[in-house]
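A.B. asks: Provided herewith: entry12.txt, compact mmCIF, C-alpha atoms.
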```txt
# COMPACT_ATOMS: atom_id res chain seq x y z
CA MET A 14 -31.12 -34.30 0.07
CA GLU A 15 -28.00 -32.18 -0.45
CA THR A 16 -28.35 -28.71 -1.97
CA ASN A 17 -25.66 -27.01 -4.01
CA GLN A 18 -24.55 -23.87 -2.19
CA ASN A 19 -24.63 -21.76 -5.37
CA GLN A 20 -28.17 -22.94 -6.14
CA ALA A 21 -29.26 -21.96 -2.63
CA LEU A 22 -28.08 -18.40 -3.15
CA PRO A 23 -30.34 -15.86 -4.90
CA LEU A 24 -29.24 -14.87 -8.41
CA SER A 25 -28.23 -11.35 -7.28
CA LYS A 26 -26.06 -12.77 -4.49
CA ARG A 27 -24.39 -15.28 -6.82
CA SER A 28 -23.72 -12.46 -9.27
CA GLU A 29 -22.18 -10.31 -6.53
CA THR A 30 -20.01 -13.23 -5.38
CA ALA A 31 -18.79 -13.95 -8.90
CA LYS A 32 -18.08 -10.26 -9.47
CA GLY A 33 -16.14 -10.04 -6.21
CA ILE A 34 -14.06 -13.10 -7.05
CA PHE A 35 -13.33 -11.69 -10.50
CA PHE A 36 -12.14 -8.34 -9.14
CA ASP A 37 -10.13 -10.05 -6.41
CA ALA A 38 -8.37 -12.20 -9.00
CA MET A 39 -7.72 -9.26 -11.34
CA THR A 40 -6.31 -7.16 -8.48
CA ALA A 41 -3.95 -10.00 -7.51
CA ILE A 42 -2.85 -10.52 -11.13
CA ILE A 43 -2.20 -6.81 -11.79
CA ALA A 44 -0.41 -6.29 -8.45
CA GLY A 45 1.70 -9.41 -8.98
CA ALA A 46 2.69 -8.30 -12.49
CA ILE A 47 3.68 -4.83 -11.23
CA VAL A 48 5.88 -6.19 -8.43
CA GLY A 49 7.40 -8.82 -10.72
CA PHE A 50 8.23 -6.08 -13.25
CA ALA A 51 10.01 -4.05 -10.55
CA TYR A 52 11.98 -7.01 -9.27
CA PHE A 53 13.10 -8.17 -12.72
CA PHE A 54 14.13 -4.80 -14.16
CA PHE A 55 15.59 -3.06 -11.12
CA GLN A 56 16.33 -5.42 -8.24
CA ASN A 57 17.45 -8.95 -9.09
CA SER A 58 20.30 -7.84 -11.36
CA ASN A 59 21.65 -5.17 -8.99
CA GLY A 60 22.63 -7.02 -5.83
CA PHE A 61 20.16 -6.03 -3.14
CA ALA A 62 17.07 -7.63 -1.63
CA PRO A 63 13.51 -6.55 -0.88
CA GLY A 64 12.14 -6.94 2.61
CA GLY A 65 10.35 -9.84 4.23
CA VAL A 66 10.07 -13.37 2.92
CA GLY A 67 10.74 -12.28 -0.66
CA GLY A 68 14.06 -10.85 0.51
CA LEU A 69 15.07 -14.19 2.00
CA ALA A 70 14.21 -15.92 -1.28
CA THR A 71 16.16 -13.33 -3.30
CA MET A 72 19.23 -13.65 -1.10
CA THR A 73 19.06 -17.45 -1.39
CA TYR A 74 18.94 -17.05 -5.17
CA HIS A 75 22.01 -14.78 -5.06
CA PHE A 76 23.89 -17.13 -2.69
CA LEU A 77 23.22 -20.18 -4.88
CA GLY A 78 24.33 -18.25 -7.95
CA MET A 79 27.60 -17.28 -6.25
CA SER A 80 28.08 -20.98 -5.42
CA GLY A 81 27.64 -21.95 -9.06
CA ILE A 82 24.17 -23.46 -8.58
CA GLU A 83 21.63 -22.30 -11.14
CA PHE A 84 18.17 -22.24 -9.60
CA PRO A 85 15.16 -20.26 -10.91
CA TRP A 86 14.29 -17.20 -8.82
CA ALA A 87 10.57 -17.82 -9.36
CA VAL A 88 10.77 -21.31 -7.88
CA LEU A 89 12.54 -19.99 -4.77
CA MET A 90 9.96 -17.22 -4.33
CA LEU A 91 7.17 -19.78 -4.48
CA ALA A 92 9.02 -22.24 -2.24
CA PHE A 93 9.45 -19.60 0.48
CA ASN A 94 5.96 -18.09 0.24
CA ILE A 95 3.45 -20.76 -0.84
CA PRO A 96 3.70 -22.88 2.36
CA ILE A 97 2.91 -19.76 4.40
CA PHE A 98 -0.07 -18.92 2.18
CA ILE A 99 -1.38 -22.48 2.48
CA LEU A 100 -1.33 -22.09 6.26
CA VAL A 101 -3.18 -18.78 5.90
CA SER A 102 -5.78 -20.54 3.75
CA ILE A 103 -6.23 -23.25 6.40
CA PHE A 104 -6.11 -21.26 9.62
CA VAL A 105 -7.01 -17.65 8.75
CA ASN A 106 -9.03 -17.19 5.56
CA LYS A 107 -9.31 -19.63 2.67
CA ARG A 108 -10.09 -17.00 0.03
CA LEU A 109 -7.25 -14.73 1.16
CA GLY A 110 -4.79 -17.62 1.09
CA LEU A 111 -5.77 -18.55 -2.48
CA ILE A 112 -5.57 -14.92 -3.59
CA LEU A 113 -2.07 -14.62 -2.13
CA ILE A 114 -1.00 -17.80 -3.92
CA LEU A 115 -2.28 -16.34 -7.22
CA TYR A 116 -0.55 -13.01 -6.52
CA MET A 117 2.79 -14.64 -5.72
CA SER A 118 2.59 -16.97 -8.72
CA VAL A 119 2.01 -14.05 -11.10
CA GLN A 120 4.75 -12.03 -9.41
CA SER A 121 7.29 -14.83 -9.69
CA PHE A 122 6.56 -16.06 -13.20
CA SER A 123 6.12 -12.58 -14.71
CA ALA A 124 9.82 -12.01 -14.02
CA GLU A 125 10.64 -15.35 -15.63
CA LEU A 126 8.46 -14.45 -18.63
CA LEU A 127 10.28 -11.14 -19.10
CA GLU A 128 13.59 -12.99 -19.07
CA PHE A 129 12.27 -15.57 -21.56
CA LEU A 130 11.15 -12.74 -23.88
CA GLY A 131 14.67 -11.29 -23.82
CA ALA A 132 13.93 -8.14 -21.80
CA GLN A 133 17.07 -6.38 -20.58
CA PRO A 134 17.09 -5.39 -16.87
CA TYR A 135 18.55 -2.15 -15.56
CA CYS A 136 22.01 -3.54 -14.81
CA LEU A 137 24.62 -1.27 -13.24
CA ALA A 138 27.42 -2.94 -15.13
CA ASN A 139 26.00 -1.50 -18.34
CA ASN A 140 24.68 1.81 -17.08
CA GLY A 141 27.47 3.74 -15.46
CA PRO A 142 28.97 4.28 -12.01
CA ASP A 143 28.03 2.46 -8.83
CA PHE A 144 26.06 5.38 -7.38
CA GLU A 145 23.38 4.70 -9.98
CA ILE A 146 22.26 1.81 -7.80
CA VAL A 147 20.24 4.51 -6.01
CA PHE A 148 18.07 4.81 -9.12
CA ALA A 149 17.47 1.04 -9.04
CA CYS A 150 16.49 1.22 -5.35
CA LEU A 151 14.11 4.11 -5.93
CA ALA A 152 12.52 2.46 -8.96
CA THR A 153 12.06 -0.84 -7.12
CA GLY A 154 10.54 0.87 -4.09
CA ILE A 155 8.17 3.08 -6.08
CA ILE A 156 6.93 0.45 -8.53
CA SER A 157 6.68 -2.43 -6.06
CA GLY A 158 5.05 -0.07 -3.54
CA ILE A 159 2.21 0.52 -6.01
CA GLY A 160 1.71 -3.24 -6.33
CA PHE A 161 1.79 -3.70 -2.53
CA SER A 162 -0.75 -0.89 -2.17
CA LEU A 163 -3.22 -2.57 -4.50
CA MET A 164 -3.05 -5.76 -2.44
CA LEU A 165 -3.20 -4.01 0.94
CA ARG A 166 -6.07 -1.76 -0.10
CA ARG A 167 -8.24 -4.68 -1.21
CA PHE A 168 -7.06 -7.58 0.98
CA GLY A 169 -5.02 -6.11 3.84
CA ALA A 170 -2.07 -8.34 2.91
CA SER A 171 0.66 -8.16 0.29
CA GLY A 172 3.04 -11.07 0.84
CA GLY A 173 4.77 -13.45 3.20
CA THR A 174 5.47 -10.94 5.98
CA TYR A 175 1.81 -9.96 6.30
CA ALA A 176 0.79 -13.62 6.07
CA ILE A 177 3.15 -14.59 8.91
CA SER A 178 1.82 -11.68 10.95
CA ALA A 179 -1.75 -12.87 10.36
CA LEU A 180 -0.85 -16.39 11.48
CA ILE A 181 0.88 -15.13 14.62
CA LYS A 182 -2.05 -12.83 15.36
CA ARG A 183 -4.39 -15.80 15.01
CA ALA A 184 -2.36 -17.88 17.47
CA ARG A 185 -1.56 -15.00 19.84
CA PRO A 186 -4.04 -12.11 19.49
CA ALA A 187 -2.10 -9.88 21.90
CA THR A 188 1.05 -9.89 19.72
CA ASN A 189 2.17 -6.54 18.32
CA ILE A 190 2.04 -7.12 14.54
CA ALA A 191 4.06 -4.01 13.75
CA TYR A 192 6.88 -5.39 15.92
CA VAL A 193 6.73 -8.75 14.09
CA SER A 194 6.93 -7.06 10.67
CA PHE A 195 9.85 -4.95 11.87
CA LEU A 196 11.74 -8.04 13.06
CA LEU A 197 11.18 -9.84 9.75
CA ASP A 198 12.33 -6.90 7.64
CA GLY A 199 15.19 -6.15 10.03
CA SER A 200 16.45 -9.73 9.76
CA VAL A 201 16.60 -9.37 5.96
CA VAL A 202 18.63 -6.18 6.26
CA PHE A 203 21.02 -7.86 8.71
CA VAL A 204 21.49 -11.04 6.64
CA SER A 205 22.00 -9.06 3.42
CA PHE A 206 25.32 -7.78 4.78
CA PHE A 207 26.74 -11.31 4.86
CA VAL A 208 25.07 -12.68 1.72
CA TYR A 209 26.27 -9.82 -0.50
CA GLY A 210 29.95 -10.08 0.41
CA MET A 211 29.99 -8.16 3.73
CA ARG A 212 29.50 -4.86 1.91
CA ILE A 213 27.50 -1.98 3.35
CA THR A 214 26.06 -0.90 -0.03
CA PRO A 215 23.53 -3.79 -0.30
CA VAL A 216 22.40 -3.05 3.26
CA ILE A 217 21.79 0.61 2.45
CA CYS A 218 20.04 -0.36 -0.78
CA THR A 219 17.75 -2.77 1.06
CA LEU A 220 16.90 -0.12 3.66
CA LEU A 221 16.26 2.51 0.96
CA ASN A 222 14.07 0.12 -0.98
CA LEU A 223 12.02 -0.72 2.13
CA PHE A 224 11.66 2.94 3.06
CA VAL A 225 10.52 4.09 -0.39
CA ALA A 226 8.08 1.19 -0.76
CA ASN A 227 6.53 1.98 2.64
CA VAL A 228 6.23 5.68 1.78
CA VAL A 229 4.44 4.81 -1.47
CA VAL A 230 2.14 2.38 0.36
CA ASP A 231 1.30 5.00 3.01
CA TYR A 232 0.63 7.63 0.34
CA VAL A 233 -1.66 5.39 -1.70
CA LEU A 234 -3.53 4.01 1.32
CA ALA A 235 -4.06 7.55 2.62
CA GLY A 236 -6.51 7.97 -0.23
CA VAL A 237 -6.60 9.81 -3.51
CA LYS A 238 -9.88 11.50 -2.56
CA ASN A 239 -8.48 13.53 0.32
CA GLY A 240 -9.04 17.07 1.48
CA TYR A 241 -9.16 19.47 4.45
CA ARG A 242 -11.93 19.73 7.02
CA PHE A 243 -12.68 23.24 8.28
CA GLU A 244 -14.59 24.05 11.46
CA ILE A 245 -15.56 27.73 11.48
CA VAL A 246 -17.19 29.41 14.48
CA THR A 247 -18.96 32.57 13.34
CA ASN A 248 -21.74 35.09 14.03
CA SER A 249 -22.49 35.36 10.29
CA PRO A 250 -23.39 31.83 9.20
CA GLU A 251 -25.71 32.68 6.32
CA PRO A 252 -23.49 35.04 4.26
CA LEU A 253 -20.35 32.99 4.99
CA ALA A 254 -22.04 29.71 4.01
CA ALA A 255 -23.44 31.30 0.86
CA GLU A 256 -19.96 32.50 -0.17
CA LEU A 257 -18.41 29.10 0.52
CA LEU A 258 -21.08 27.38 -1.57
CA GLU A 259 -20.71 29.85 -4.42
CA LYS A 260 -16.90 30.01 -4.62
CA LEU A 261 -15.75 26.57 -3.44
CA HIS A 262 -18.68 24.47 -4.66
CA HIS A 263 -18.66 22.21 -1.60
CA GLY A 264 -21.42 21.54 0.87
CA VAL A 265 -21.57 23.32 4.24
CA THR A 266 -23.06 21.96 7.48
CA ARG A 267 -24.32 24.39 10.13
CA MET A 268 -24.44 23.66 13.87
CA GLN A 269 -25.54 25.87 16.75
CA VAL A 270 -22.88 26.03 19.49
CA VAL A 271 -22.24 27.88 22.76
CA GLY A 272 -18.91 29.49 23.68
CA MET A 273 -18.00 28.39 27.22
CA TYR A 274 -15.88 31.50 27.87
CA SER A 275 -18.47 34.12 26.90
CA HIS A 276 -21.54 31.83 27.18
CA SER A 277 -22.80 33.35 23.96
CA GLU A 278 -24.54 31.44 21.21
CA LYS A 279 -22.70 31.13 17.91
CA TYR A 280 -22.76 28.93 14.83
CA MET A 281 -20.23 26.41 13.58
CA LEU A 282 -19.88 25.75 9.87
CA ILE A 283 -18.24 22.52 8.75
CA CYS A 284 -16.86 22.29 5.22
CA ILE A 285 -14.46 19.86 3.49
CA ILE A 286 -12.43 21.29 0.61
CA ARG A 287 -9.63 20.23 -1.72
CA LYS A 288 -5.99 21.04 -0.94
CA LYS A 289 -5.69 23.51 -3.81
CA GLN A 290 -8.63 25.49 -2.38
CA LEU A 291 -6.84 26.37 0.87
CA GLY A 292 -5.77 29.78 -0.42
CA GLU A 293 -9.28 30.63 -1.57
CA MET A 294 -10.69 29.53 1.78
CA MET A 295 -8.26 31.82 3.64
CA LYS A 296 -9.28 34.77 1.45
CA ILE A 297 -12.95 34.15 2.20
CA LEU A 298 -12.35 33.89 5.97
CA LYS A 299 -10.48 37.21 6.01
CA GLY A 300 -13.76 38.89 5.06
CA TYR A 301 -15.28 37.72 8.37
CA PRO A 302 -12.89 39.02 11.08
CA GLY A 303 -15.17 37.96 13.93
CA SER A 304 -14.93 34.31 12.93
CA PHE A 305 -12.62 31.62 14.29
CA ALA A 306 -11.52 28.65 12.16
CA SER A 307 -9.44 25.52 12.50
CA PHE A 308 -8.75 22.80 9.95
CA GLU A 309 -7.26 19.31 9.70
CA LYS A 310 -6.27 16.95 6.91
CA VAL A 311 -8.80 14.33 5.86
CA ASN A 312 -7.20 11.26 4.29
CA GLU A 313 -10.26 9.82 2.62
CA VAL A 314 -13.65 11.28 1.74
CA PHE A 315 -16.58 9.01 0.97
CA GLY A 316 -19.81 9.97 -0.73
CA ARG A 317 -20.48 12.76 -3.16
CA PHE A 318 -17.30 14.78 -2.69
CA ARG A 319 -16.38 16.74 -5.81
CA LYS A 320 -12.74 16.48 -6.83
```
For the structure just supplied, provide its representation as structure tokens.
C.D. replies:
Amino acid sequence: METNQNQALPLSKRSETAKGIFFDAMTAIIAGAIVGFAYFFFQNSNGFAPGGVGGLATMTYHFLGMSGIEFPWAVLMLAFNIPIFILVSIFVNKRLGLILILYMSVQSFSAELLEFLGAQPYCLANNGPDFEIVFACLATGIISGIGFSLMLRRFGASGGTYAISALIKRARPATNIAYVSFLLDGSVVFVSFFVYGMRITPVICTLLNLFVANVVVDYVLAGVKNGYRFEIVTNSPEPLAAELLEKLHHGVTRMQVVGMYSHSEKYMLICIIRKKQLGEMMKILKGYPGSFASFEKVNEVFGRFRK
């Protein structure tokens, strides 16, 4: 007798699965809409391409337009990306492949929807001198970078380049994925020179767009709940810890340590604080001249860390 998989799962597990699928789908829809917004308003009308597989689709769209062939940008984006996502669904992860298909569909057709609604893109021909293309590059990189970050933070993938990397990694685990991504993005930069009339401006714009998007992704993935971790070696652990607790309102951990130079017993206090509390921390430490402190940046703090 066959048993339905959902019926075999406890109610709590089915609820968690449904909730996870819902949040996965909403993340993909929101991220796709954000990237589609950036591409429609700031990129497609200004003669430069994003990186990766989307860049190849955009350049094909531009090349066909220059040849007098009208072909929807959304269809080209899907034609270049969907086959790769289907392979990801088959060989890597079925759920991830379906999520990427949803994300790319929303990204592509949101731009078409904006055009259908009569939205006016940021077009340089109507907005001043050529150097204003820098604003279009920055806007595309910043806005699309936010969308990429949402996808990478939840799924570890944000488009065709990451999907190809996952497929190559599956077939050849020893392959350097960073090198593969660099080659894919580099090929887009190289081809853009020829597609956009052998002009250097589109190449620079593509590079700037890639750079800004990667900076935004790195910043978002670094974590919004970040801080600084202090390690303080001191002979006065009790009064120092009490002052830290009172003035900084963060927890303090005490450890007993031994200095290998003097072979004397001391205490180490460990405390994680916010960036804006660095000055206050320095003022507190100056009141304990016999103490030694070092600190490092913490990109993400989990648990009950007060902002």
A.B. asks: Using only C-alpha atoms, find each residue in region 168-242 of chain A having at least one atom no more than 12 Å away from region 290-299 of chain A; report its shortest atom-to-atom pair and that distance in Å (one decimal), rows by chain then rising number, as a Markdown table.
C.D. replies:
```
| residue | atom | partner | partner_atom | distance |
| --- | --- | --- | --- | --- |
| A:Gly240 | CA | A:Gln290 | CA | 9.3 |
| A:Tyr241 | CA | A:Leu291 | CA | 8.1 |
| A:Arg242 | CA | A:Leu291 | CA | 10.4 |
```
A.B. asks: So, with all atoms listed in the file as the atoms that count, which of A:Ile95, A:Leu130, A:Leu113, A:Ala41 lies closest to Leu163 (chain A)?
C.D. replies: A:Ala41
A.B. asks: So the first atom is CA of Leu151 (chain A) and the second is CA of Leu221 (chain A); what is the distance between them in Å, to one decimal place?
C.D. replies: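 Result for CA of Leu151 (chain A) versus CA of Leu221 (chain A): 7.4 Å, one decimal.
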A.B. asks: Can you work out the spacing between CA of Leu111 (chain A) and CA of Asn227 (chain A) in Å, to one decimal?
C.D. replies: 24.5 Å
A.B. asks: Which residues are near region 131-134 of chain A? Cut-off 12 Å, only C-alpha atoms, ignore same chain within fewer than 2 positions. Put them as a PyMOL selection string.
C.D. replies: chain A and resi 49-59+123-129+136-140+149+153
A.B. asks: Take the residues from that selection and write them out as a compact mmCIF listing (two decimals), in the coordinates of the input, keeping C-alpha atoms.
C.D. replies:
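Output below, filename part_9.txt:
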```txt
# COMPACT_ATOMS: atom_id res chain seq x y z
CA GLY A 49 7.40 -8.82 -10.72
CA PHE A 50 8.23 -6.08 -13.25
CA ALA A 51 10.01 -4.05 -10.55
CA TYR A 52 11.98 -7.01 -9.27
CA PHE A 53 13.10 -8.17 -12.72
CA PHE A 54 14.13 -4.80 -14.16
CA PHE A 55 15.59 -3.06 -11.12
CA GLN A 56 16.33 -5.42 -8.24
CA ASN A 57 17.45 -8.95 -9.09
CA SER A 58 20.30 -7.84 -11.36
CA ASN A 59 21.65 -5.17 -8.99
CA SER A 123 6.12 -12.58 -14.71
CA ALA A 124 9.82 -12.01 -14.02
CA GLU A 125 10.64 -15.35 -15.63
CA LEU A 126 8.46 -14.45 -18.63
CA LEU A 127 10.28 -11.14 -19.10
CA GLU A 128 13.59 -12.99 -19.07
CA PHE A 129 12.27 -15.57 -21.56
CA CYS A 136 22.01 -3.54 -14.81
CA LEU A 137 24.62 -1.27 -13.24
CA ALA A 138 27.42 -2.94 -15.13
CA ASN A 139 26.00 -1.50 -18.34
CA ASN A 140 24.68 1.81 -17.08
CA ALA A 149 17.47 1.04 -9.04
CA THR A 153 12.06 -0.84 -7.12
```
A.B. asks: Have a look at A:Tyr116, A:Tyr175, A:Phe148, A:Tyr209 and name the one nearest to Leu91 (chain A); count all atoms listed in the file.
C.D. replies: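 Closest residue, counting all atoms listed in the file: A:Tyr116.
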A.B. asks: Report, in Å with one decimal, the straight-line distance from CA of Ser200 (chain A) to CA of Val225 (chain A).
C.D. replies: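 These two atoms are separated by 18.1 Å.
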A.B. asks: Could you tell me which of A:Ser121, A:Ser304, A:Ser162, A:Asn239 comes closest to Ile286 (chain A) if we count all atoms listed in the file?
C.D. replies: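 Closest residue, counting all atoms listed in the file: A:Asn239.
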A.B. asks: Nearest residue to Val48 (chain A) out of A:Ala152, A:Ala255, A:Leu89, A:Leu282, using all atoms listed in the file?
C.D. replies: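 Comparing A:Ala152, A:Ala255, A:Leu89, A:Leu282 against Val48 (chain A), the winner is A:Ala152.
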A.B. asks: Ranking A:Val193, A:Cys218, A:Glu309, A:Arg183 by minimum distance to Glu145 (chain A) and counting only C-alpha atoms, which one comes first?
C.D. replies: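 Of the candidates, the smallest distance to Glu145 (chain A) is held by A:Cys218.
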A.B. asks: Can you work out which one of A:Asn248, A:Asn106, A:Gln120, A:Asn312 has the shortest atom-to-atom distance to Ile285 (chain A), counting all atoms listed in the file?
C.D. replies: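 Selected residue with least distance to Ile285 (chain A): A:Asn312.
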A.B. asks: In the coordinates of the file, take the point (16.1, -21.0, -6.8) and a cut-off of 9 Å; then, counting only C-alpha atoms, name each qualifying protein, DNA or RNA residue as a PDB file with C-alpha atoms, in the coordinates of the input.
C.D. replies:
```
ATOM      1  CA  ALA A  70      14.210 -15.920  -1.280  1.00  0.00           C
ATOM      2  CA  THR A  71      16.160 -13.330  -3.300  1.00  0.00           C
ATOM      3  CA  THR A  73      19.060 -17.450  -1.390  1.00  0.00           C
ATOM      4  CA  TYR A  74      18.940 -17.050  -5.170  1.00  0.00           C
ATOM      5  CA  HIS A  75      22.010 -14.780  -5.060  1.00  0.00           C
ATOM      6  CA  LEU A  77      23.220 -20.180  -4.880  1.00  0.00           C
ATOM      7  CA  GLY A  78      24.330 -18.250  -7.950  1.00  0.00           C
ATOM      8  CA  ILE A  82      24.170 -23.460  -8.580  1.00  0.00           C
ATOM      9  CA  GLU A  83      21.630 -22.300 -11.140  1.00  0.00           C
ATOM     10  CA  PHE A  84      18.170 -22.240  -9.600  1.00  0.00           C
ATOM     11  CA  PRO A  85      15.160 -20.260 -10.910  1.00  0.00           C
ATOM     12  CA  TRP A  86      14.290 -17.200  -8.820  1.00  0.00           C
ATOM     13  CA  ALA A  87      10.570 -17.820  -9.360  1.00  0.00           C
ATOM     14  CA  VAL A  88      10.770 -21.310  -7.880  1.00  0.00           C
ATOM     15  CA  LEU A  89      12.540 -19.990  -4.770  1.00  0.00           C
ATOM     16  CA  MET A  90       9.960 -17.220  -4.330  1.00  0.00           C
ATOM     17  CA  ALA A  92       9.020 -22.240  -2.240  1.00  0.00           C
TER      18      ALA A  92
END
```
